[in-house]
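Contents: one structure, followed by commentary.
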Amino acid sequence: MAASTEDDFEFNTQDYYSLLNVGKEASLEELKASYRRLCMLYHPDKHRDPELKRQAEQLFNQVHQAYEVLSDAHSRAIYDIFGKKGLEVEGWEVVERKRTPAEIREEYERLQREKEERRLQQRTNPKGTISVGVDATDLFDRYDDDFEEMPGGGFPHIEINRMHISQSIEAPLTNTDTAMLSGSLSTHNGSGGGNINVTVRRVTSAKGWGELEFGAGDVLGPLVGLKVFRNVTSRCFLTGQCGLQFSPRGLRPSCSLMTARHLDQNTMGYLQWRWGPNSAMTTSLVRDTKSSHFTLALQLGVPHSYLMMSYQYKFQDEDQTKVKGSVKTGWFGTVVEYGAERKISRHSVLSAAVSIGVPQGVTLKIKLSRASQTYLFPVHLTDQLLPSAVFYATAGPLLAYIAIHRLIIIPYTKAQKEQELELQRKSSATDIAKKKQEAETAVLLMQESVRRIIEAEESKMGLIILNGWYGKFVSDTSQKQEKAKVIDVTVPLQCLVKDSKLILTEASKAGLPGFYDPCVGEEKSLKLLYQFRGVMHQVISADSESLRIPKQSHRIESES
């Protein structure tokens, strides 16, 4: 019969050995003896009250499931190696039962791989970029002496002059093959275009992979490309790419080759050669450490040649703040850029940069990355080098961020954390309350058996449990806190007494019938006060420590 979700959780958190109070090396006879004893205790037919009968049935089913697993050598071997989760893996029913632990581990790994393959086949990895270009030159150029004011203007004219949207998804076909579908749409000043690409990647070995690409667009025409990657040594790799573009102007071949090498633990050197419409030779040096990122690049080519240097400093704070600056100069002019980046939530990163160039002018670039989606907002402020534009591009986003961070982000993040903590508290409290109810039910079901055990033990001056406490014990000055951290387990322990002996195995006592964990995640112990042959004894035992009583060393010496 299928178990409910709550039952599944209950069984997942239940230690079968602890429930039956047997050791991990217990024989089949020991399992049977413990199982029979608990069945007699929890059998539903022994109880007439409907509520007690229902609760006894739940506990009886738990004991029965634990015995079924541990009494079957094959299931027990799986449980010993992987726990309850190992038994839930699909496919064990068709596996040969006479397997060694090593063979079972190998079979489990195979079944897990098959499960992972099924998950891969259902998974896509969407990535997207949305870029919205804003022309805000009217904000500053209108105050220039040479600016001709347009009629009807009181307010500056700001417009969106370009947009770009791209999206891609991945579809794993096998463990080595992946298909990728990507597309993009662009528009600039009223004219635009788009393209779509299909790529199939195959991992040929641990050292390399290859890609085959097919594309089509309404501007450049169909595209066929091939790309390969290969680790030449442990410190060096090579990437090669070639393609054919079928454009209205004819066939346009292209080719590129890049090699990279680890110069030291934090430094990479790159050398790239490109042949085609934009032929160039590029060399770069990248050094990435825990606190900084440095890049130096030189390109010689047609039509663009440049020298670029950038530096990024990484603050070691919770928000992963970074500040960066770069300078780039070449045939197109010179551009200086500076900015900052900061994590604003668990999955979101916000960055802003100011680009100052000749003859490009001043541009503010805002970027928001959330999970696998990126949103770009380049705002072009002026075509000239105006100090006012540089000042407002720098101070404006900074002041806006401070205001939004204090008024919106901090309260929102604080509310989220409080909500998560409240959910955790409720979940923990619900789980403890449920376990407590089950333990109290078990104690009720034990009463009759305990009464008979005590009568039998008293008749022969045997073992009587006077007091049993389980949980976290604190100093005598915090009695109120101590009572909140420990539970009374006198009845469950007396119920486990057999032939004037109590034997507890090396396992957490929280799984024993009538027990529950009153302080999840904290160190616990068991404190016992018992009487044997008319003499008082006392012992304190660690939670997962085995215990056998009575014992002479537990005896309380009487005061003279």
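Chains: A, B, ... in order of the structure tokens. Residues: from 1 per chain. Ligands: from 1, in order shown.
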Test item: residues at most 7 Å from stretch 64-71 of chain A, only C-alpha atoms, excluding those fewer than 5 positions along its chain, as a ChimeraX atom specification: /A:16,28,35,76
Stretch 321-467 of chain A: residues DSSP assigns to helix (DSSP H, G or I), reported as an MDAnalysis selection string: chainID A and resid 387:459
Residue contacts of stretch 378-393 of chain A (12 Å, only C-alpha atoms) excluding same-chain residues fewer than 5 positions away, as a PyMOL selection string: chain A and resi 130-144+146-147+156-164+335-339+351-368+398-400
DSSP strand (DSSP E) selection over stretch 434-498 of chain A, as a ChimeraX atom specification: /A:463-471,486-488
If we count only C-alpha atoms and set the cut-off at 7 Å, which residues sit around A:Val489, ignoring sequence neighbours fewer than 4 positions away in its own chain? Please answer as an mmCIF file with N, CA, C and O atoms, in the first residue's frame.
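Ended up saving to selection-v6.cif:
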```cif
data_model
loop_
_atom_site.group_PDB
_atom_site.id
_atom_site.type_symbol
_atom_site.label_atom_id
_atom_site.label_comp_id
_atom_site.auth_asym_id
_atom_site.auth_seq_id
_atom_site.Cartn_x
_atom_site.Cartn_y
_atom_site.Cartn_z
ATOM 1 N N GLY A 468 13.978 8.191 34.298
ATOM 2 C CA GLY A 468 14.777 8.221 33.080
ATOM 3 C C GLY A 468 14.534 9.534 32.353
ATOM 4 O O GLY A 468 13.387 9.909 32.116
ATOM 5 N N TRP A 469 15.627 10.226 32.048
ATOM 6 C CA TRP A 469 15.521 11.515 31.348
ATOM 7 C C TRP A 469 16.419 11.489 30.121
ATOM 8 O O TRP A 469 17.545 11.000 30.164
ATOM 9 N N TYR A 470 15.907 12.080 29.023
ATOM 10 C CA TYR A 470 16.671 12.100 27.765
ATOM 11 C C TYR A 470 16.604 13.494 27.149
ATOM 12 O O TYR A 470 15.530 14.103 27.062
ATOM 13 N N LEU A 493 11.855 2.950 28.895
ATOM 14 C CA LEU A 493 13.030 2.174 29.312
ATOM 15 C C LEU A 493 12.616 0.937 30.105
ATOM 16 O O LEU A 493 13.189 -0.142 29.926
ATOM 17 N N PHE A 515 10.455 7.390 22.557
ATOM 18 C CA PHE A 515 11.415 8.501 22.598
ATOM 19 C C PHE A 515 11.128 9.463 21.441
ATOM 20 O O PHE A 515 10.520 9.106 20.447
#
```
Atom CA of A:Pro126 to atom CA of A:Tyr412, straight-line distance in Å: 27.0 Å
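Considering the residues A:His304, A:Lys527, A:Lys551, A:Lys290 and counting only C-alpha atoms, A:Gly333 has its shortest atom-to-atom contact with A:His304.
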Test item: residues at most 10 Å from stretch 247-264 of chain A, only C-alpha atoms, excluding those fewer than 2 positions along its chain, as an MDAnalysis selection string: chainID A and resid 217:245 266:287
Within 7 Å of A:Lys328 using only C-alpha atoms, minus same-chain residues under 4 positions, as number ranges by chain: A: 306-309, 334-336
Output C-alpha atoms for every residue in that selection, as an mmCIF file, in the first residue's frame.
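selection.cif written:
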```
data_model
loop_
_atom_site.group_PDB
_atom_site.id
_atom_site.type_symbol
_atom_site.label_atom_id
_atom_site.label_comp_id
_atom_site.auth_asym_id
_atom_site.auth_seq_id
_atom_site.Cartn_x
_atom_site.Cartn_y
_atom_site.Cartn_z
ATOM 1 C CA TYR A 306 43.804 48.550 -29.966
ATOM 2 C CA LEU A 307 45.519 48.271 -26.603
ATOM 3 C CA MET A 308 43.323 47.576 -23.578
ATOM 4 C CA MET A 309 43.998 47.326 -19.848
ATOM 5 C CA THR A 334 40.206 56.279 -26.621
ATOM 6 C CA VAL A 335 37.662 55.061 -24.068
ATOM 7 C CA VAL A 336 37.954 55.206 -20.278
#
```
